[in-house]
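*Asks:* Sharing structure_6.cif (mmCIF, C-alpha atoms and all ligand atoms) below.
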data_input
#
loop_
_atom_site.label_atom_id
_atom_site.label_comp_id
_atom_site.auth_asym_id
_atom_site.auth_seq_id
_atom_site.Cartn_x
_atom_site.Cartn_y
_atom_site.Cartn_z
CA MET F 144 88.98 98.56 109.40
CA ASN F 145 91.25 99.00 106.40
CA PHE F 146 94.08 101.53 106.31
CA TRP F 147 91.99 104.10 104.41
CA GLN F 148 89.55 104.32 107.29
CA LYS F 149 92.35 104.73 109.81
CA ILE F 150 93.94 107.77 108.15
CA ASP F 151 93.04 111.03 109.86
CA LYS F 152 90.78 112.88 107.37
CA PRO F 153 91.15 114.47 104.95
CA VAL F 154 93.55 112.01 103.35
CA ILE F 155 96.35 113.95 101.66
CA GLY F 156 98.21 111.64 99.30
CA LEU F 157 100.64 111.55 96.41
CA SER F 158 98.89 110.90 93.09
CA PRO F 159 100.35 108.21 90.82
CA MET F 160 102.31 109.55 87.84
CA ASP F 161 103.81 107.26 85.26
CA GLY F 162 107.49 108.05 84.73
CA VAL F 163 107.53 110.28 87.81
CA THR F 164 106.38 108.57 91.01
CA ASP F 165 108.86 105.73 90.77
CA ALA F 166 110.30 104.02 93.85
CA SER F 167 113.04 106.65 94.31
CA PHE F 168 110.74 109.64 94.06
CA ARG F 169 108.26 108.05 96.44
CA PHE F 170 111.06 107.24 98.90
CA ILE F 171 112.23 110.86 98.82
CA THR F 172 108.68 112.18 99.13
CA ALA F 173 108.00 109.89 102.08
CA ARG F 174 111.20 111.06 103.82
CA HIS F 175 110.90 114.76 103.18
CA GLY F 176 107.17 115.33 102.80
CA GLY F 177 105.24 112.46 104.31
CA PRO F 178 102.02 112.08 102.30
CA ASP F 179 99.31 109.97 103.96
CA VAL F 180 99.47 107.42 101.15
CA THR F 181 101.48 106.74 98.01
CA PHE F 182 100.65 104.85 94.81
CA THR F 183 103.04 103.16 92.43
CA GLU F 184 103.08 104.25 88.81
CA PHE F 185 100.47 102.24 86.94
CA VAL F 186 101.52 98.77 85.85
CA ASN F 187 99.87 96.82 83.05
CA VAL F 188 98.45 93.51 84.29
CA GLU F 189 99.85 91.81 81.19
CA THR F 190 103.40 92.72 82.26
CA ALA F 191 103.26 90.02 84.94
CA PHE F 192 103.18 87.41 82.22
CA PHE F 193 105.22 88.94 79.39
CA ALA F 194 107.84 90.97 81.27
CA PRO F 195 107.92 89.79 84.91
CA HIS F 196 111.16 91.66 85.68
CA THR F 197 109.62 94.93 84.58
CA LEU F 198 106.69 94.21 86.85
CA ILE F 199 108.98 93.67 89.84
CA ARG F 200 110.95 96.83 89.05
CA ASP F 201 107.78 98.90 88.69
CA LEU F 202 106.30 97.49 91.89
CA ALA F 203 109.42 98.12 93.98
CA TYR F 204 108.81 100.22 97.08
CA SER F 205 110.33 101.03 100.47
CA GLU F 206 108.83 100.35 103.89
CA ILE F 207 108.94 104.08 104.66
CA GLU F 208 106.19 104.67 102.08
CA ARG F 209 103.49 102.73 103.90
CA PRO F 210 100.62 102.77 103.38
CA VAL F 211 101.56 102.08 99.78
CA VAL F 212 99.14 101.06 97.05
CA ALA F 213 99.95 99.24 93.80
CA GLN F 214 98.15 100.70 90.82
CA ILE F 215 97.39 98.37 87.94
CA TYR F 216 95.57 98.71 84.65
CA GLY F 217 94.28 96.56 81.82
CA HIS F 218 91.05 95.21 80.39
CA THR F 219 91.11 91.46 81.13
CA PRO F 220 89.45 90.54 84.42
CA GLU F 221 91.27 87.17 84.75
CA LEU F 222 94.62 88.95 84.67
CA PHE F 223 93.48 91.29 87.44
CA TYR F 224 92.62 88.18 89.45
CA GLN F 225 96.16 86.85 89.09
CA VAL F 226 97.96 90.16 89.53
CA ALA F 227 95.90 90.82 92.68
CA HIS F 228 97.62 87.75 94.15
CA ILE F 229 101.03 89.14 93.18
CA VAL F 230 100.23 92.54 94.69
CA CYS F 231 99.23 90.84 97.96
CA GLU F 232 102.27 88.60 97.91
CA LEU F 233 104.48 91.71 97.53
CA GLY F 234 103.00 93.06 100.75
CA PHE F 235 101.19 96.11 99.39
CA ASP F 236 98.62 97.82 101.61
CA GLY F 237 96.10 98.32 98.84
CA LEU F 238 95.33 97.70 95.18
CA ASP F 239 94.18 100.52 92.93
CA ILE F 240 92.66 100.09 89.49
CA ASN F 241 93.36 102.76 86.92
CA MET F 242 90.20 103.80 85.09
CA GLY F 243 91.40 107.30 84.28
CA CYS F 244 94.41 107.17 81.98
CA PRO F 245 93.64 109.04 78.75
CA ALA F 246 96.83 107.98 76.89
CA LYS F 247 96.10 106.46 73.47
CA LYS F 248 98.27 103.39 74.06
CA VAL F 249 96.11 102.61 77.12
CA ALA F 250 92.61 103.83 76.26
CA ALA F 251 92.65 102.58 72.65
CA LYS F 252 92.90 99.04 74.02
CA GLY F 253 89.87 99.54 76.24
CA SER F 254 91.88 100.11 79.47
CA GLY F 255 92.25 103.20 81.68
CA ALA F 256 89.62 105.89 81.06
CA ALA F 257 88.09 103.85 78.21
CA LEU F 258 86.49 101.68 80.89
CA ILE F 259 84.12 104.58 81.56
CA LEU F 260 82.47 103.56 78.27
CA ASN F 261 82.24 99.95 79.37
CA PRO F 262 80.67 99.91 82.85
CA LYS F 263 79.97 96.18 82.73
CA LEU F 264 83.62 95.35 82.17
CA ALA F 265 84.72 97.96 84.72
CA ARG F 266 82.52 96.32 87.36
CA SER F 267 83.77 92.89 86.46
CA ILE F 268 87.39 94.03 86.83
CA ILE F 269 86.78 95.48 90.31
CA ARG F 270 84.96 92.35 91.38
CA THR F 271 87.58 89.95 90.02
CA ALA F 272 90.46 91.87 91.57
CA GLY F 273 88.61 91.71 94.91
CA GLN F 274 88.10 87.97 94.49
CA GLY F 275 91.81 87.52 93.80
CA ILE F 276 92.60 89.26 97.09
CA LYS F 277 90.00 87.21 98.94
CA HIS F 278 91.29 83.90 97.59
CA TRP F 279 94.88 84.87 98.41
CA ARG F 280 93.77 85.73 101.93
CA GLU F 281 92.17 82.28 102.15
CA GLY F 282 95.48 80.66 101.30
CA GLN F 283 95.63 80.36 97.51
CA THR F 284 99.26 80.55 96.39
CA LEU F 285 101.04 81.79 93.29
CA CYS F 286 102.04 78.16 92.65
CA ASP F 287 98.36 77.20 92.65
CA LEU F 288 97.84 79.78 89.90
CA LYS F 289 100.78 78.31 87.94
CA ILE F 290 102.62 81.62 87.98
CA ASN F 291 106.12 81.38 86.52
CA PRO F 292 108.42 79.95 89.29
CA GLU F 293 111.12 82.48 88.43
CA LEU F 294 108.70 85.32 89.13
CA ILE F 295 107.68 83.69 92.42
CA GLU F 296 111.34 83.47 93.45
CA THR F 297 111.95 87.11 92.43
CA ILE F 298 108.99 88.20 94.56
CA ARG F 299 110.42 86.30 97.54
CA ILE F 300 113.82 87.93 97.09
CA SER F 301 112.44 91.43 96.65
CA ASN F 302 110.37 91.01 99.83
CA ARG F 303 113.47 89.96 101.73
CA LEU F 304 115.59 92.81 100.35
CA ARG F 305 112.92 95.37 101.15
CA SER F 306 111.81 94.27 104.59
CA GLY F 307 114.86 92.34 105.74
CA LEU F 308 112.49 89.51 106.65
CA GLU F 309 112.31 86.04 105.22
CA ILE F 310 108.73 85.48 106.34
CA PRO F 311 106.01 85.96 103.68
CA PRO F 312 103.53 88.84 104.07
CA ARG F 313 100.63 88.28 106.45
CA ARG F 314 97.57 87.02 104.61
CA ARG F 315 95.06 89.83 104.98
CA LEU F 316 92.33 91.47 102.92
CA ILE F 317 93.72 94.59 101.31
CA PRO F 318 91.30 97.28 100.08
CA VAL F 319 90.51 97.80 96.39
CA SER F 320 90.22 101.35 95.09
CA VAL F 321 89.63 102.98 91.70
CA LYS F 322 91.16 106.10 90.20
CA THR F 323 89.14 107.65 87.43
CA ARG F 324 87.87 110.75 85.64
CA LEU F 325 84.53 112.54 85.28
CA GLY F 326 83.68 110.98 81.96
CA TYR F 327 84.97 110.02 78.53
CA ASP F 328 84.08 112.88 76.18
CA HIS F 329 81.59 114.59 78.46
CA ILE F 330 80.80 114.57 82.17
CA VAL F 331 78.83 111.53 83.29
CA VAL F 332 79.90 111.66 86.91
CA GLU F 333 76.49 110.74 88.34
CA GLU F 334 76.01 107.52 86.31
CA TRP F 335 79.66 106.57 86.47
CA ILE F 336 80.06 107.00 90.23
CA GLN F 337 76.79 105.13 90.76
CA THR F 338 78.17 102.23 88.69
CA LEU F 339 81.42 102.15 90.65
CA LEU F 340 79.66 102.40 94.01
CA GLU F 341 77.77 99.23 93.23
CA GLU F 342 81.06 97.33 93.51
CA LYS F 343 81.81 98.99 96.86
CA PRO F 344 85.44 100.02 96.30
CA SER F 345 87.07 101.41 99.45
CA VAL F 346 88.03 104.61 97.65
CA ILE F 347 87.28 106.38 94.39
CA SER F 348 89.89 108.97 93.46
CA LEU F 349 88.38 111.38 91.00
CA HIS F 350 90.38 113.60 88.68
CA GLY F 351 88.08 116.49 87.79
CA ARG F 352 88.44 116.18 84.01
CA THR F 353 87.15 113.94 81.23
CA LEU F 354 89.41 111.76 79.08
CA LYS F 355 88.83 114.13 76.16
CA GLN F 356 90.13 117.05 78.18
CA MET F 357 93.40 115.22 78.91
CA TYR F 358 95.03 117.90 81.10
CA LYS F 359 93.42 120.95 79.45
CA GLY F 360 91.09 123.43 81.12
CA ASN F 361 90.49 123.47 84.84
CA ALA F 362 89.58 120.53 87.02
CA ASP F 363 85.85 120.68 87.75
CA TRP F 364 85.58 120.57 91.53
CA GLU F 365 81.80 121.12 91.43
CA ALA F 366 81.45 117.79 89.67
CA ILE F 367 83.73 116.25 92.30
CA ALA F 368 81.43 117.70 95.00
CA ARG F 369 78.45 115.98 93.32
CA ALA F 370 80.30 112.66 93.52
CA VAL F 371 80.96 113.27 97.22
CA LYS F 372 77.21 113.74 97.82
CA MET F 373 76.43 110.52 95.95
CA ALA F 374 78.93 108.52 97.97
CA GLU F 375 77.67 109.79 101.34
CA ASN F 376 77.00 106.87 103.69
CA SER F 377 78.09 104.37 101.03
CA GLY F 378 81.27 103.37 102.87
CA THR F 379 83.34 104.49 99.84
CA LEU F 380 85.63 107.46 100.32
CA ILE F 381 85.97 110.06 97.57
CA LEU F 382 89.37 111.67 97.01
CA GLY F 383 89.37 114.77 94.80
CA ASN F 384 92.20 115.43 92.40
CA GLY F 385 93.24 118.09 89.94
CA ASP F 386 95.15 121.37 89.93
CA LEU F 387 95.96 121.55 93.65
CA GLN F 388 99.05 123.73 93.74
CA ASN F 389 99.66 123.94 97.47
CA MET F 390 98.15 123.19 100.88
CA GLN F 391 96.08 126.39 100.77
CA ASP F 392 94.30 124.96 97.71
CA VAL F 393 93.82 121.67 99.56
CA TYR F 394 92.24 123.48 102.50
CA ARG F 395 89.88 125.44 100.23
CA ARG F 396 88.79 122.47 98.11
CA VAL F 397 88.17 120.20 101.08
CA ARG F 398 86.07 122.89 102.74
CA GLU F 399 84.09 123.58 99.59
CA THR F 400 83.44 120.00 98.52
CA ASN F 401 83.63 117.88 101.67
CA VAL F 402 85.86 115.34 99.92
CA ASP F 403 87.33 112.67 102.19
CA GLY F 404 90.74 113.53 100.87
CA VAL F 405 92.83 114.69 97.95
CA LEU F 406 95.69 113.49 95.78
CA LEU F 407 98.42 115.85 94.62
CA GLY F 408 100.26 115.11 91.40
CA ARG F 409 102.16 117.71 89.40
CA SER F 410 102.61 120.10 92.31
CA ALA F 411 104.78 117.43 93.99
CA GLN F 412 107.18 117.24 91.05
CA GLY F 413 110.52 118.55 92.30
CA ASN F 414 108.67 119.42 95.49
CA PRO F 415 108.53 116.46 97.89
CA TRP F 416 108.24 119.00 100.72
CA ILE F 417 104.73 119.99 99.68
CA PHE F 418 103.23 117.47 102.11
CA ARG F 419 105.07 118.88 105.12
CA THR F 420 102.19 121.05 106.24
CA LYS F 421 99.44 118.50 105.75
CA GLU F 422 98.84 118.26 109.51
CA GLN F 423 98.24 122.02 109.68
CA VAL F 424 95.62 121.63 106.94
CA LYS F 425 93.85 119.01 109.02
CA GLN F 426 94.04 121.21 112.11
CA ALA F 427 92.83 124.24 110.19
CA LEU F 428 89.84 122.27 108.90
CA ARG F 429 89.02 121.02 112.38
CA SER F 430 89.32 124.51 113.84
CA LYS F 431 87.42 126.11 110.91
CA GLY F 432 90.35 128.23 109.88
CA ALA F 433 91.68 129.18 113.30
CA VAL F 434 95.00 127.50 112.51
CA SER F 435 97.06 128.98 109.71
CA ILE F 436 98.85 126.91 107.10
CA PRO F 437 102.46 128.06 106.83
CA HIS F 438 104.25 128.46 103.52
CA VAL F 439 106.93 125.76 103.21
CA SER F 440 110.28 127.39 102.84
CA ILE F 441 113.13 125.25 101.52
CA SER F 442 116.67 126.51 101.81
CA LEU F 443 119.09 126.06 98.93
CA GLU F 444 121.12 123.80 101.18
CA GLU F 445 118.21 121.48 101.78
CA ARG F 446 117.28 121.52 98.11
CA PHE F 447 120.82 120.46 97.15
CA ARG F 448 120.89 117.80 99.85
CA VAL F 449 117.66 116.27 98.59
CA ILE F 450 118.85 116.45 94.98
CA LEU F 451 121.88 114.38 95.98
CA GLU F 452 119.92 111.97 98.08
CA HIS F 453 117.37 111.45 95.31
CA SER F 454 120.08 111.03 92.64
CA ASN F 455 121.90 108.47 94.79
CA HIS F 456 118.78 106.49 95.41
CA PHE F 457 117.83 106.56 91.74
CA GLU F 458 121.28 105.48 90.57
CA LYS F 459 121.43 102.67 93.09
CA GLN F 460 118.04 101.40 92.12
CA ARG F 461 118.15 101.81 88.36
CA GLY F 462 121.85 101.83 87.56
CA ASN F 463 123.81 104.27 85.43
CA PRO F 464 122.33 103.72 81.96
CA SER F 465 118.88 104.66 83.23
CA PHE F 466 120.03 107.90 84.85
CA VAL F 467 118.35 109.86 82.05
CA GLY F 468 115.13 109.09 83.93
CA MET F 469 116.43 111.25 86.78
CA ARG F 470 117.00 114.32 84.61
CA LYS F 471 113.42 115.59 84.65
CA HIS F 472 113.44 115.46 88.46
CA LEU F 473 116.67 117.48 88.51
CA ALA F 474 115.08 120.09 86.25
CA TRP F 475 112.02 120.27 88.49
CA TYR F 476 114.17 120.77 91.58
CA CYS F 477 115.75 123.80 89.90
CA ARG F 478 112.40 125.22 88.79
CA ASN F 479 111.39 128.55 90.32
CA SER F 480 115.01 129.14 91.18
CA ARG F 481 115.79 132.57 89.85
CA GLY F 482 119.18 132.76 88.22
CA ALA F 483 119.51 128.97 88.08
CA ALA F 484 118.59 128.51 84.40
CA GLU F 485 122.18 127.63 83.63
CA LEU F 486 122.29 125.06 86.43
CA ARG F 487 119.05 123.57 85.15
CA SER F 488 120.36 123.25 81.62
CA GLN F 489 123.45 121.49 82.96
CA MET F 490 121.49 119.20 85.22
CA VAL F 491 119.41 117.82 82.37
CA ARG F 492 122.60 116.61 80.73
CA THR F 493 123.94 114.61 83.69
CA ASN F 494 124.53 110.88 83.37
CA ASN F 495 125.30 109.87 86.95
CA VAL F 496 125.56 111.08 90.54
CA SER F 497 129.19 112.18 90.16
CA GLU F 498 128.17 114.59 87.42
CA VAL F 499 125.35 115.93 89.57
CA VAL F 500 127.85 116.55 92.39
CA GLU F 501 130.24 118.25 89.99
CA ARG F 502 127.54 120.55 88.55
CA LEU F 503 126.31 121.50 92.00
CA ARG F 504 129.87 122.17 93.13
CA ASN F 505 130.55 124.35 90.10
CA TYR F 506 127.35 126.19 90.69
CA ALA F 507 128.19 126.77 94.35
CA ALA F 508 131.66 128.01 93.42
CA SER F 509 130.39 130.30 90.67
CA VAL F 510 127.82 131.96 92.87
CA ALA F 511 130.30 132.33 95.73
CA SER F 512 131.56 135.58 94.26
CA LYS F 513 128.36 136.95 92.75
CA PHE F 514 125.90 135.48 95.14
CA GLU F 515 122.34 136.42 94.35
CA PRO F 516 119.21 135.23 96.11
CA MET F 517 117.38 132.68 93.92
CA ASP F 518 114.07 132.57 95.70
CA PRO F 519 112.65 133.79 99.01
CA THR F 520 114.08 130.78 100.85
CA PHE F 521 117.56 131.74 99.74
CA HIS F 522 117.57 134.68 102.11
CA GLU F 523 117.74 132.38 105.06
CA HIS F 524 121.38 131.58 104.37
CA GLU F 525 122.33 134.69 102.46
CA HIS F 526 125.20 135.46 104.78
CA GLU F 527 126.80 132.03 104.39
CA PRO F 528 129.40 131.55 101.71
CA PRO F 529 127.78 129.09 99.28
CA PHE F 530 130.90 126.99 98.96
CA ASP F 531 130.99 126.27 102.69
CA LYS F 532 127.39 125.37 102.32
CA PHE F 533 128.34 122.95 99.61
CA MET F 534 131.07 121.37 101.73
CA ALA F 535 128.44 120.72 104.37
CA LEU F 536 126.39 119.19 101.61
CA SER F 537 129.20 116.88 100.59
CA LYS F 538 129.11 115.34 104.05
CA VAL F 539 125.42 114.72 103.61
CA GLU F 540 126.13 113.27 100.22
CA GLY F 541 128.52 110.77 101.84
CA ARG F 542 125.76 109.72 104.16
CA ALA F 543 123.26 109.55 101.31
CA ARG F 544 125.57 107.16 99.47
CA LEU F 545 125.34 104.83 102.42
CA LEU F 546 121.57 104.79 102.25
CA SER F 547 120.42 101.40 101.21
CA LEU F 548 117.22 100.99 99.20
C1 LIG F 601 103.24 112.61 83.85
C2 LIG F 601 101.96 112.09 84.42
C3 LIG F 601 101.79 110.73 84.59
C4 LIG F 601 100.60 110.24 85.13
N1 LIG F 601 100.47 108.90 85.36
C5 LIG F 601 99.38 108.41 86.01
C6 LIG F 601 99.29 107.05 86.40
O1 LIG F 601 100.20 106.24 86.18
N2 LIG F 601 98.15 106.66 87.03
C7 LIG F 601 97.13 107.52 87.32
O2 LIG F 601 96.13 107.12 87.90
N3 LIG F 601 97.21 108.83 86.99
C8 LIG F 601 98.31 109.28 86.37
N4 LIG F 601 98.41 110.62 86.11
C9 LIG F 601 97.34 111.53 86.54
C10 LIG F 601 97.65 112.12 87.93
O3 LIG F 601 97.68 111.12 88.90
C11 LIG F 601 96.61 113.16 88.32
O4 LIG F 601 95.35 112.56 88.28
C12 LIG F 601 96.60 114.37 87.39
O5 LIG F 601 97.92 114.81 87.11
C13 LIG F 601 95.82 115.54 87.99
O6 LIG F 601 96.33 115.90 89.23
P1 LIG F 601 97.33 117.16 89.43
O7 LIG F 601 96.66 118.35 88.83
O8 LIG F 601 97.51 117.25 90.92
O9 LIG F 601 98.59 116.82 88.70
C14 LIG F 601 99.57 111.13 85.52
C15 LIG F 601 99.76 112.50 85.35
C16 LIG F 601 100.94 112.99 84.82
C17 LIG F 601 101.12 114.48 84.66
#
Translate this file's structure into structure tokens.
*Replies:*
Amino acid sequence: MNFWQKIDKPVIGLSPMDGVTDASFRFITARHGGPDVTFTEFVNVETAFFAPHTLIRDLAYSEIERPVVAQIYGHTPELFYQVAHIVCELGFDGLDINMGCPAKKVAAKGSGAALILNPKLARSIIRTAGQGIKHWREGQTLCDLKINPELIETIRISNRLRSGLEIPPRRRLIPVSVKTRLGYDHIVVEEWIQTLLEEKPSVISLHGRTLKQMYKGNADWEAIARAVKMAENSGTLILGNGDLQNMQDVYRRVRETNVDGVLLGRSAQGNPWIFRTKEQVKQALRSKGAVSIPHVSISLEERFRVILEHSNHFEKQRGNPSFVGMRKHLAWYCRNSRGAAELRSQMVRTNNVSEVVERLRNYAASVASKFEPMDPTFHEHEHEPPFDKFMALSKVEGRARLLSL
């Protein structure tokens, strides 16, 4: 049984998002939300050979995220074979192949969603990645593949830093999955899913749009439901994806389509808490609606605490010059916060954790006199002076600084 089969259904996971679901965001989401599964941002298989340090940075993860799946993309089967070994050697729980990215720089080269137009190559990639995993399981080493010794040493070190263990990961067969779309310029879900099923991936995650649609229009959940029917009794799970805003949407879509699970992407941006009520969704589905799914209410205090924790983790992992990559997350955390437009505009100009602390402190002090509820969750602590709240936060911040990666 692989980990996908062991997860209580429906699977409710965090969708991969390039530039968003990096190691820090996934760590925070795992701690404060707890999705059933996380995926790395997609990593080009060529990176392993031309920019090995980028590969290691992009495939960094924390133990708390497990099960964690490495997502890779490309168009050269032999490279998938080699990178599958690296993914196994890094101790990932699964390997996912991106066949859904619509970005020009990816699809124009025949990778990502362009593979929908090339079913033969798509099948060959799935098969070769699976063979790579199988041969690694049987004892083939990175040295045997003549992988750069410096990369091999970096993998060993990153395993030790992450797990605290010197021993290499257990040689096991990890499942291969595919994340894709409904078609290239029009919906071909029937033919495409049939093609993929022939390679028996453990999971197909299906975003309910075509490449041409990019992110426009609405995700077509009826087409996803057709894919579910096709995969019945095939041993492959279908995860639906697209436009799920909250757990109520998850409940409705799972009931309507019978998907084995879902992935949530944009609704988790600045909202790692979204997964908190996933168990209630599962209970509600089992009880046919007899269990209600509560609205997740996040106090300002908790929001600030997580902002600091996330910023600390990001700075520790990426270092100061890359802190610009944290700014979008800060803006998302302040989204939907009435009266916080000014805070948001300041947050997107921060360069390090100290500046984040300073902006939050200024904000807390400025609202101390003219305190106004920002959102419904604000009411919870309305009677508390915000500055005291912030002092409590500072203690948390001290603890967050001690958090190691
Ligand atoms: C900024 C951004 C980056 C993305 N990067 C990836 C990626 O690296 N791999 C992937 O399979 N999908 C990627 N996606 C697609 C999402 O995983 C997901 O399929 C899509 O956003 C629809 O789901 P949603 O409506 O829940 O966001 C990305 C989406 C966004 C918005």
*Asks:* All residues within 7 Å of ligand LIG 601 (chain F) are required, counting all atoms listed in the file; please report them as a PyMOL selection string.
*Replies:* chain F and resi 158-163+184-185+241+243-244+322+350+384-387+406-410
*Asks:* Counting all atoms listed in the file, I want the residues whose atoms come within 6 Å of (91.4, 105.0, 93.3) in the file frame, returned as a PyMOL selection string.
*Replies:* chain F and resi 239+320-322+346-348
*Asks:* Restricting the calculation to all atoms listed in the file, which member of F:Thr164, F:Ser254, F:Asn302, F:Thr297 is positioned closest to F:Asp201?
*Replies:* F:Thr164
*Asks:* Quick one: distance from atom CA of F:Tyr327 to atom CA of F:Ala265 in Å, one decimal?
*Replies:*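 Here the two named atoms are 13.6 Å from each other.
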*Asks:* F:Pro415, F:Gly326, F:Pro311, F:Pro195: which is nearest F:Leu260, counting all atoms listed in the file?
*Replies:*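 Distance minimum relative to F:Leu260 lands on F:Gly326.
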*Asks:* Point out the residue among F:Val180, F:Ala508, F:Ile300, F:Val397 with the least atom-to-atom distance to F:Arg209, counting only C-alpha atoms.
*Replies:* F:Val180
*Asks:* Could you check how far atom CA of F:Val212 sits from atom CA of F:Arg446, in Å to one decimal?
*Replies:* 27.4 Å
*Asks:* For the atom pair atom CA of F:Tyr204 and atom CA of F:Ile171, what is the interatomic distance in Å to one decimal place?
*Replies:*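 Rounded to one decimal, the two atoms are 11.3 Å apart.
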*Asks:* I need the residue nearest F:Val154 from this list: F:Ser497, F:Ser167, F:Thr353, F:Asn401. Use all atoms listed in the file for the distance.
*Replies:* F:Asn401
*Asks:* Quick one: residues within 8 Å of (91.6, 88.9, 105.8) (file frame), counting all atoms listed in the file, please, as an mmCIF file with C-alpha atoms, in the coordinates of the input.
*Replies:*
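As written to disk, selection.cif reads:
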data_model
loop_
_atom_site.group_PDB
_atom_site.id
_atom_site.type_symbol
_atom_site.label_atom_id
_atom_site.label_comp_id
_atom_site.auth_asym_id
_atom_site.auth_seq_id
_atom_site.Cartn_x
_atom_site.Cartn_y
_atom_site.Cartn_z
ATOM 1 C CA LYS F 277 90.000 87.210 98.940
ATOM 2 C CA ARG F 280 93.770 85.730 101.930
ATOM 3 C CA GLU F 281 92.170 82.280 102.150
ATOM 4 C CA ARG F 314 97.570 87.020 104.610
ATOM 5 C CA ARG F 315 95.060 89.830 104.980
ATOM 6 C CA LEU F 316 92.330 91.470 102.920
ATOM 7 C CA ILE F 317 93.720 94.590 101.310
#
*Asks:* Counting all atoms listed in the file, what is within 10 Å of F:Gly255, bar same-chain residues fewer than 4 positions away, as an NGL selection string?
*Replies:* :F and (185 or 215-218 or 240-251 or 259 or 265 or 322-324 or 354)
*Asks:* Which residues, written as a ChimeraX atom specification, have at least one atom at most 10 Å from F:Gln274, with all atoms listed in the file counted and residues fewer than 3 positions away on the same chain left out?
*Replies:* /F:223-225,227-228,268-271,277-280
*Asks:* With only C-alpha atoms as the basis for distance, which of F:Leu339, F:Cys286, F:Leu294, F:Val211 is at the shortest distance from F:Thr197?
*Replies:*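 Ranking F:Leu339, F:Cys286, F:Leu294, F:Val211 by distance to F:Thr197, first place goes to F:Leu294.
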*Asks:* So, with only C-alpha atoms as the atoms that count, which of F:Gly404, F:Gly413, F:Gly468, F:Pro318 lies closest to F:Gly156?
*Replies:*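 Closest to F:Gly156 of all the choices is F:Gly404.
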